[in-house]
Structures are given as structure tokens and as C-alpha cells.
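Taking it in order: structure first as C-alpha cells, then the write-up.
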2 protein chains.
Amino acid sequence: MKIRKFHHMKMDYFENRRSCRNFTNTSISDETLYDIVRKAMRAPTCGNMQLYSVIVTKDSENLSALANFHFNQPASTTAPVILTICADFNRFTRWCEINNADAGFDNFHSFITALTDAVIFAQQIVTVAEMEGYGSCYLGTVNYNAKEISEFLQLPDLVVPVAALSIGVAQNEGEKVERLEPEAVLHFEKYRKDGDDKIIELHKIKDEFEPNKAFVKENRKENIAQVISEIRYPRSMNEKVSESFLKLLKEKKFFN
Amino acid sequence: MKIRKFHHMKMDYFENRRSCRNFTNTSISDETLYDIVRKAMRAPTCGNMQLYSVIVTKDSENLSALANFHFNQPASTTAPVILTICADFNRFTRWCEINNADAGFDNFHSFITALTDAVIFAQQIVTVAEMEGYGSCYLGTVNYNAKEISEFLQLPDLVVPVAALSIGVAQNEGEKVERLEPEAVLHFEKYRKDGDDKIIELHKIKDEFEPNKAFVKENRKENIAQVISEIRYPRSMNEKVSESFLKLLKEKKFFN
């Protein structure tokens, strides 16, 4: 299969990367997925425990069901493959038990360790796949219906979905969105507390980005900060997801 | 400055990457750090909120103090630069407040969101830096003394350290360690529950890896599973860190 290389893939990849939210209907072979995963598995991992698993969804009925848990956002409905990456202490714990080793991983710290491992692995999949010419997009909604996704994918104890990736052949180049300048996130020796004027200056790029101006108008808000914090990620939703996700962690035995 | 390219950097990078635990005393210029961070900031981020910050430690006294929080592991004591990457909802929240926007990010879900953003960003720093010829290593101990590190770096509310990276010019090629085969972590359509025989087979590579055999002997244990779960990551320590890390999250207002 021939992959079309877009502008941003030919230039310095890191400078120009962007997410892909529209895919062609070309699927990805299992062989290619194995190869991408094999390479991503060389990413750093805590104590070489590789505390992650990835569930590949390619079946069209399963894809529809999964997209539904992701609120049918375009990046989920057009993707030929969705990867659900899980923090997984199940396999390692079972291996310890078989070896008559005390496996004390049913706690919050171990969840954070596995989550970190899983996100490093997910990001390595993104980089490997994109540098080979595929497009990808995180489905940031994975926590919202984490319990439903867990049931659908038949996840056992000590396995929790923490990242979801749509992956496939990009339909178009995708939009390059605005980013803050390095100084906004870079601190030397101690955390620098910026004053309000500085905070405003650092975020001016967000206020002035044309698509953001359109969102402000469309949502009848005063500024893009209000659109993001009140419409896209409102307090009530964040608090509801906090509750359901903590409940899932307890059910999956990460709070014993 | 000339960077020596080791074997694994010249061949396919992803296939051969390894962590670097010994650095030369060559430092990294602020200009180079800006450039690496700028590229890593193009990594995916939730809703383009960029919920991370990175504190650069280069000062030799600060490096010693920080290495101490990381139990003076070699990867921390020889590094010319340590990057502490934080889940950061402080800057974004302050920007919302200035814009008269309700910022409801003082909750567990928002912490998980920022943690995910921060780990994606950290891993992109690793890939960018290593592909440019530097060596790096995660200091997995960042959660153990997270409160002490937070105080030392003067982190404000809604900022919590979640990854630490040693970075510099590699002293030597570093060891290529064993990894599981893709089938250990790859599941198709549903999570596959492996039987004990399969679990043993998948992990045989760990039992047979020569350095692991040496660890077993050195620690007077029966197998490498016992070394990892009882000596390196014992239950009592995992539970202690769970408690202190949860306490820190509450102090930093991620559980309001």
C-alpha cells in the first residue's frame, strides 16, 4: 500500500506534526500493527515491567460501538483502527503469583506507574506510526466512559483504559493549531510564578488564532478561555468523570 | 559540540533505543533545551491546553539536591541536566480566572488529564533529544519524594511532578535489555485472558536474560519475578508511596 506523504511529514516531523481527524477507508494490516507495537515496546518502561496492553479494534461493528463511547467524534467514526491502551498490572501480577512472588500492585501508586508506562507506550506508537506515514489522533474521551469501554473490551482486574488512538491513512493534511512559546512552560531551577500581565501575553496566541475567534462567536462567549473551560471542559463534567473514574479504579482493585 | 553517535542511534532508532545511565560532563546549552522543548510542545495535548511545565535543573548544587531525592541512582548523579516534568493546571487556571471564565480543574479527572499531557510531552522530549544524539533516562523515583521535590522546586497549587528525565551526552552505548514479544501486550477486539502456561512462556525471555539471572543469585531469590516484586518494588513501599502521593494531590488542590 502506498502512503501519501503530506507536507508536514516531509519536513522536520517534530516541528510540524499535527493530529489527523479524517481517515481514508484503507485499513492497517495486522503485520503492520505488530511492527509498530514491537518498535513502540522499546520505549522506556518502569523497571522493564511493560505495564500496558493494547486492544486493537478493527471489526466494523466493534468500531461503531467504541466510537459511540467516544461521543462519535469524527476522529473516532472514520478511523479504520482504534487502539485502546490500558494501564495493565494484571499480566505482571499473574506472572509474579505463578512465581510465588508477593505482588503488591493493587494500590494507587502502582496505577500511576502503569498509567505512566501506558502513556509513554501510546506516544511511542503515535511517533512510530506517524513517522512511517500514518495519521493518528488521541481520543481524549477515554476516561469519560472508561467503565463502559472496560466492559466492552472485557478488561479484567488491574487493567484500566487510559489512552485511545485512532490510526489510519490520513484523508488530508490536518490543521496546524497554535501552541504556546517554550517560555510558557520552561522554568529554570525553580518554578517561576508569572504575573497576570505575563500570563495574558503568553496566551495572546490563543486569543488571536482565527479558528478560536470563530469558536468564541459561535458559542456567544467573551473569549476562548470561557469556551474551553465552560463549554468544552465544564466543572460539572470534570467532577462527574472524577467520580466515575475513581470508582472504576476501585472496582479494578487499584485501591486495595 | 560534537555528539558521538552510537550504534543504536545510527540504525533504526526505535528498534534499538536504550536508556542512558552514564553521562559525560558536557552540559546542554539553554538554546538546545529551548529547541528540544519547542519541538516536543508540538506533541498531542488535551484540547490544546498544554497542561505541563518543565523545570530545568543545571546548577550543580541543585543537581546534587535533586539527585538525593532520586536516591542518588547513577542516572541522576552523572547527568548535567535533570528535567522535572509536571502536570500543571495552574497556568491554565490562572489564565481562565483572568478571563472571567469558570475553571473547574481542581479535581482528580483534571489531574489525570494533566498527567497524561505531561507524560506525552516528556516522552516527546526523550524522542526528540535522543534522535538528535543525546542520551536520556527517566528517573522512575519521581513519585517517591514528590512532596520534597515539589517544595524544592517551589511548585504552586495544581502543579505536581510526574516525570523526571536525566539528559546529556551519553558516556557509553548503554545496555539493550530484554523486552516481551508484541503478542504479550497485543489483544484483538477483546482482552485475551492467557492461562498460566502462556504467561510463563511469554515471560521466559525475562527468566533467561543473563543479567536477570545474576540479580536472582545476588538477591538470594528463586526467580526474577521475586527480585522485581519483593526487592525492587515491594508492597510496603508501593503502599507508602500511594499514601504520600495521594496526600500531595490533595495538598495541591487536585481533590477539591
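As shown in the C-alpha cells, the chain order sets the letters A, B, ...; within each chain, residues go from 1, and ligands are also counted from 1 in the order they appear.
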Write down as a PyMOL selection string the residues belonging to stretch 120-251 of chain A that are assigned strand (DSSP E or B) by DSSP computed on the backbone.
chain A and resi 135-138+159-168+170+186-188
Show which residues sit within 10 Å of B:Phe121, as JSON, numbers by chain. Count only C-alpha atoms, and ignore same-chain residues fewer than 5 positions away.
{"A": [120, 123], "B": [37, 39, 40, 41, 42, 43, 44, 45, 50, 51, 52, 53, 54, 85, 86, 115, 116, 126, 127, 163]}
Show which residues sit within 9 Å of B:Lys206, as a PyMOL selection string. Count only C-alpha atoms, and ignore same-chain residues fewer than 2 positions away.
chain B and resi 178-180+202-204+208-210+212-213+224-225
Take the residues from that selection and put them in a file with C-alpha atoms, as a short mmCIF file (atom, residue, chain, number, x, y, z; two decimals), in the first residue's frame.
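So part_30.cif came out as:
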```cif
data_model
loop_
_atom_site.label_atom_id
_atom_site.label_comp_id
_atom_site.auth_asym_id
_atom_site.auth_seq_id
_atom_site.Cartn_x
_atom_site.Cartn_y
_atom_site.Cartn_z
CA GLU B 178 15.09 -7.76 27.15
CA ARG B 179 11.53 -6.96 26.10
CA LEU B 180 8.44 -9.12 25.76
CA LEU B 202 5.62 -15.03 27.35
CA HIS B 203 7.96 -14.14 30.21
CA LYS B 204 10.60 -16.81 29.55
CA GLU B 208 16.64 -16.38 30.60
CA PHE B 209 18.17 -12.90 30.31
CA GLU B 210 21.68 -13.30 31.78
CA ASN B 212 18.47 -11.15 35.45
CA LYS B 213 19.98 -14.50 36.44
CA ILE B 224 13.49 -12.70 38.74
CA ALA B 225 9.77 -12.15 39.45
#
```
Shell of 12 Å around A:Ile231, only C-alpha atoms, local chain residues under 6 positions omitted, as a list in words:
Phe215, Val216, Glu218, Asn219, Arg220, Lys221, Asn223, Ile224, Ala225, Met237 and Asn238 of chain A; Gly47, Ala101, Asp102, Ala103 and Gly104 of chain B
Write out as a ChimeraX atom specification the residues lying within 6 Å of A:Phe254, counting only C-alpha atoms and excluding same-chain residues fewer than 2 positions away.
/A:106-108,249-250,252,256
Now that the selection is made, can you save its residues with C-alpha atoms as a compact mmCIF listing (two decimals), in the first residue's frame?
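And here is the file that came out, selection.txt:
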```txt
# COMPACT_ATOMS: atom_id res chain seq x y z
CA ASP A 106 -3.16 -3.29 43.95
CA ASN A 107 -2.72 0.31 45.03
CA PHE A 108 -2.86 3.88 43.73
CA LEU A 249 -10.11 2.28 39.80
CA LYS A 250 -11.58 0.86 43.00
CA LYS A 252 -10.44 -2.77 39.20
CA ASN A 256 -6.98 -2.16 47.88
```
Choose the residue, out of A:Phe188, A:Tyr13, A:Tyr134, A:Phe89, that has the smallest atom-to-atom separation from chain B; count only C-alpha atoms.
A:Phe188
Give the alpha helix (DSSP H) residues of stretch 83-240 of chain B, as assigned by DSSP on the backbone, as a ChimeraX atom specification.
/B:90-98,108-131,146-152,196-208,210-218,224-226,235-240
Gap from atom CA of A:Asn48 to atom CA of A:Phe92 - Å, one decimal
10.8 Å
